[in-house]
Amino acid sequence: MRMLEMAVAIDQHHGFKPFSRSHKCRLQSFTQYDYNNILELTQTNLAHSLKQVAFDVANIHRSFSTPCLSLATNVEDEFDTKQRIEIIGGRGAPRVRALVVEVAIALASGVEPIPVSSGLGGAYFLPARNGDVIAVVKPVDEEPLAFNNPKGFAGLMLGQPGFKRSVRVGETGMRELAAYLLDHDGFAGVPPTAFVNISDVGFHVNDTTANTNTPYKIASLQRFVQHDFDSGELGSSSFSVASIHRIGIFDVRLLNLDRHAGNILVKKHERQENYGGEAAELVPIDHGLCLPEWLDDPYFEWLHWPQASVPFSEPEIEYICNLDPYKDAEILRTELPSLHESSIRVLILCTIFLKRAAVAGLSLADIGEMMTREFSGGEENLSVLETLSAKAKETVKKMVSDDDDETNERREEAEEDFEMFQFDIGSEDYFNDVVDFPQPLKNSPTNMSKPPKIPRLSSVKSMPGLHDASLSPLYEENDSEHDESDKKTIKENGCSRVDENKSEALTRSMSFSVQNCNCEPEGITFGDMNESEWEMFLEAFEELLPQTFEGTKGMGVKKRLGSSCEF
Ligand SMILES: Nc1ncnc2c1ncn2[C@@H]1O[C@H](COP(=O)(O)OP(=O)(O)OP(=O)(O)O)[C@@H](O)[C@H]1O
């Protein structure tokens with residue numbers, strides 16, 4: 001009832017005539033309400049009736065800036081003040097706060113999570129007080145293979161190679177957030193997602209006596225989307241070209257390894273203009289297996305759908321052209337400091353590949369085909385993208401070794417010159433001679449640091465917020481700020497710290513151990529190149545593209561469609 005009062009007060013403030021028809025509609029959708037309005041109201045002191053609301057708004061406001069969302073209320077008897085939810089990642093992303101406030105209220109009112117039976121990982125629907133499901137929570141320690149997985153796929157510690165070896169156990173949750181952060185302007189329609197620390201309100205633990213158990217869990221939190229089907233339950237002919245292209249473009253950028261039919265929810269719409277058939281809105285979910293640490297084999301369900309072979313529209317080309325992989329990389333480095341640089345480089349490469357391919361006139365199907373490995377004669381062959389990347393890496397290797405040879409030659413010459421110089425120093429001609437000392441080469445490859453290894457995790461500290469040191473010289477500079485024990489951990493792990501403040505919450509909360517893990521890449525990786533080599537690699541890669549695209553145009557269509565194409 002107090003929620004209703006609050007809604008009425010807010011809506012009056014926004015000019016709704018209380019309990020008019022339009023206002024009733026408004027109230028029905030109150031759960032969708034942008035709770036920022038509540039904060040606004042508090043500040044303008046309009047909230048006479050809000051004094052009675054079911055939680056302390058001021059406290060929530062304070063909590064956002066801390067950013068812990070405390071649920072202290074004025075009515076302790078009605079609400080459980082112990083339940084907490086803390087945003088670890090995605091605080092500034094659109095509609096995330098509103099989602100978290102709703103969940104906080106739900107937790108405080110004592111709702112229990114409902115385990116989701118489908119999927120391999122532990123996932124829970126969180127209902128609001130009125131029973132409507134508002135969010136999906138996926139704790140990282142319940143991911144497939146993680147130690148608290150409730151579906152019989154447990155056994156590994158966080159940080160070990162996961163179900164897909166290029167994504168470590170415990171690291172799918174942060175990728176759910178990465179996907180949301182990269183879905184600019186809601187282009188693909190990824191539901192609002194956050195990375196949170198949430199009270200354990202009945203989530204699963206396999207061994208209740210284990211010292212890895214905590215009263216809270218790190219989890220991804222996603223807005224629940226009402227839907228009628230998943231795309232596997234409906235023929236793809238019901239889907240518009242644009243809706244499939246939007247998801248496809250997104251999957252290509254993030255190299256999604258897991259776009260199966262169940263991960264596309266379908267909201268049925270009434271018949272719409274511009275579409276031949278029954279239109280349906282597609283909502284992509286489950287992005288835990290995006291952004292692998294190396295070029296792994298993606299799975300694109302849409303690759304088999306005829307719409308993927310329709311050329312991109314002008315607005316789609318424009319969207320693709322406006323993508324900026326370096327800005328995207330910065331977003332991830334800032335918001336998710338624990339995401340490995342090798343994964344960020346996968347994003348950069350795939351985005352460049354998409355941009356260049358789209359401009360060259362390739363279709364989504366062509367592009368997806370080139371990224372996917374092919375099975376023939378019982379063998380798995382490298383994808384076109386992998387082959388290109390391998391070639392470009394070879395080029396870099398050759399350039400570096402040529403430069404090394406040149407530098408060695410010059411060094412030898414210098415040594416000889418120096419000997420001559422020492423020899424000549426006593427001679428008569430000494431002061432008349434101009435001695436030509438070899439100068440160090442500018443940007444000489446020998447000045448580059450040794451190619452880094454993929455980061456190895458050996459302690460809980462290494463997981464959140466620690467990166468591969470040699471990939472990020474910038475981060476190394478911060479090391480002086482940290483205490484000796486931190487340095488020791490960093491040194492032992494071959495990692496350096498990115499941003500302690502950003503990752504502190506996560507670090508603090510992860511009291512279970514992260515397994516020492518040697519994740520040797522099983523594919524083309526980009527984490528083994530230093531900055532200069534990476535730049536050289538991208539140049540070499542881009543140079544290879546035009547020729548490759550020439551022979552590829554329409555390949556996707558021919559392979560999959562044969563002659564007919566109906567949708
Ligand atoms: N945002 C959402 N809105 C509505 N339903 C959702 C949402 N996210 C997940 N679900 C439901 O929960 C189920 C399990 O979620 P999800 O597929 O993300 O879990 P998973 O364990 O990672 O699955 P998988 O084994 O397929 O990778 C989905 O099949 C879907 O029915």
# chains A, B, ... in the order shown; residues from 1 in each chain; ligands from 1
>>> residues_around(residues="A:Leu545", least_positions_apart="5", cutoff="9 Å", atoms="only C-alpha atoms", output="short mmCIF file (atom, residue, chain, number, x, y, z; two decimals) with all heavy atoms, in the first residue's frame")
data_model
loop_
_atom_site.label_atom_id
_atom_site.label_comp_id
_atom_site.auth_asym_id
_atom_site.auth_seq_id
_atom_site.Cartn_x
_atom_site.Cartn_y
_atom_site.Cartn_z
N PHE A 353 37.03 -6.44 -37.86
CA PHE A 353 36.66 -7.41 -38.90
C PHE A 353 35.24 -7.13 -39.40
O PHE A 353 34.98 -7.07 -40.61
CB PHE A 353 36.77 -8.82 -38.31
CG PHE A 353 36.51 -9.92 -39.29
CD1 PHE A 353 37.35 -10.13 -40.37
CD2 PHE A 353 35.43 -10.77 -39.13
CE1 PHE A 353 37.12 -11.15 -41.28
CE2 PHE A 353 35.19 -11.80 -40.03
CZ PHE A 353 36.04 -11.99 -41.11
N ARG A 356 35.09 -3.77 -41.45
CA ARG A 356 35.69 -3.86 -42.79
C ARG A 356 34.85 -4.77 -43.70
O ARG A 356 34.69 -4.50 -44.88
CB ARG A 356 37.13 -4.39 -42.68
CG ARG A 356 38.08 -3.44 -41.93
CD ARG A 356 38.40 -2.19 -42.74
NE ARG A 356 39.01 -2.50 -44.02
CZ ARG A 356 40.30 -2.59 -44.25
NH1 ARG A 356 41.16 -2.36 -43.27
NH2 ARG A 356 40.76 -2.89 -45.44
N ALA A 357 34.32 -5.84 -43.12
CA ALA A 357 33.53 -6.78 -43.92
C ALA A 357 32.22 -6.14 -44.37
O ALA A 357 31.80 -6.30 -45.53
CB ALA A 357 33.25 -8.04 -43.11
N LEU A 388 43.52 -15.94 -40.95
CA LEU A 388 44.02 -14.58 -41.20
C LEU A 388 44.85 -14.08 -40.03
O LEU A 388 45.93 -13.49 -40.21
CB LEU A 388 42.84 -13.61 -41.37
CG LEU A 388 42.13 -13.57 -42.71
CD1 LEU A 388 40.93 -12.65 -42.63
CD2 LEU A 388 43.10 -13.06 -43.77
N GLU A 550 37.25 -10.46 -51.09
CA GLU A 550 36.95 -10.58 -52.52
C GLU A 550 36.44 -11.97 -52.86
O GLU A 550 35.45 -12.14 -53.54
CB GLU A 550 38.23 -10.25 -53.32
CG GLU A 550 38.02 -9.54 -54.62
CD GLU A 550 36.76 -8.68 -54.67
OE1 GLU A 550 36.65 -7.67 -53.93
OE2 GLU A 550 35.87 -9.04 -55.47
#
>>> closest_atom_pairs(of="chain A", to="ligand 1", cutoff="9 Å", atoms="only C-alpha atoms and all ligand atoms", output="tab-separated table")
residue	atom	partner	partner_atom_place_in_ligand_line	distance
A:Val116	CA	ligand 1	12 (O)	5.9
A:Ser117	CA	ligand 1	13 (C)	7.4
A:Ser118	CA	ligand 1	14 (C)	5.3
A:Gly119	CA	ligand 1	25 (O)	3.3
A:Leu120	CA	ligand 1	25 (O)	3.8
A:Gly121	CA	ligand 1	21 (O)	3.5
A:Gly122	CA	ligand 1	21 (O)	5.9
A:Ala123	CA	ligand 1	14 (C)	5.9
A:Tyr124	CA	ligand 1	12 (O)	7.5
A:Phe125	CA	ligand 1	12 (O)	7.6
A:Val133	CA	ligand 1	4 (C)	8.7
A:Ile134	CA	ligand 1	3 (N)	8.5
A:Ala135	CA	ligand 1	1 (N)	6.8
A:Val136	CA	ligand 1	8 (N)	5.6
A:Val137	CA	ligand 1	8 (N)	8.2
A:Lys138	CA	ligand 1	19 (O)	7.5
A:Glu142	CA	ligand 1	21 (O)	8.8
A:Glu143	CA	ligand 1	21 (O)	6.9
A:Pro144	CA	ligand 1	21 (O)	7.1
A:Thr172	CA	ligand 1	22 (O)	8.4
A:Val190	CA	ligand 1	1 (N)	8.2
A:Pro191	CA	ligand 1	1 (N)	6.0
A:Pro192	CA	ligand 1	1 (N)	8.2
A:Thr193	CA	ligand 1	1 (N)	8.4
A:Leu221	CA	ligand 1	1 (N)	8.6
A:Gln222	CA	ligand 1	1 (N)	5.3
A:Arg223	CA	ligand 1	1 (N)	5.2
A:Phe224	CA	ligand 1	3 (N)	3.6
A:Val225	CA	ligand 1	3 (N)	3.8
A:Gln226	CA	ligand 1	4 (C)	6.0
A:His227	CA	ligand 1	4 (C)	6.9
A:Phe229	CA	ligand 1	31 (O)	8.8
A:Asp230	CA	ligand 1	31 (O)	7.6
A:Asp258	CA	ligand 1	27 (O)	7.0
A:Arg259	CA	ligand 1	26 (O)	8.9
A:His260	CA	ligand 1	26 (O)	7.6
A:Gly262	CA	ligand 1	29 (O)	5.8
A:Asn263	CA	ligand 1	17 (O)	5.8
A:Ile264	CA	ligand 1	30 (C)	8.8
A:Leu265	CA	ligand 1	4 (C)	7.4
A:Val283	CA	ligand 1	1 (N)	8.3
A:Pro284	CA	ligand 1	1 (N)	8.2
A:Ile285	CA	ligand 1	8 (N)	5.5
A:Asp286	CA	ligand 1	18 (O)	3.9
A:His287	CA	ligand 1	18 (O)	7.4
A:Gly288	CA	ligand 1	22 (O)	6.7
A:Leu289	CA	ligand 1	27 (O)	8.0
>>> residues_around(residues="A:Met371", least_positions_apart="3", cutoff="7 Å", atoms="only C-alpha atoms", output="count of residues only")
5
>>> atom_distance(atom1="atom CA of A:Asp185", atom2="atom CA of A:Ser338")
24.4 Å
>>> closest_residue(among="A:Gly186, A:Pro150, A:Gly110, A:Pro315", to="A:Phe250", atoms="only C-alpha atoms")
A:Gly186
>>> residues_around(residues="A:Trp294", least_positions_apart="6", cutoff="12 Å", atoms="only C-alpha atoms", output="JSON, numbers by chain")
{"A": [164, 165, 166, 167, 168, 254, 255, 256, 257, 340, 341, 342, 343, 344, 345, 346, 347, 349, 350, 385, 386, 389, 390, 454, 519, 520, 521, 522, 523, 524, 525, 526, 527, 528]}
>>> atom_distance(atom1="atom CA of A:Lys82", atom2="atom CA of A:Met174")
25.4 Å
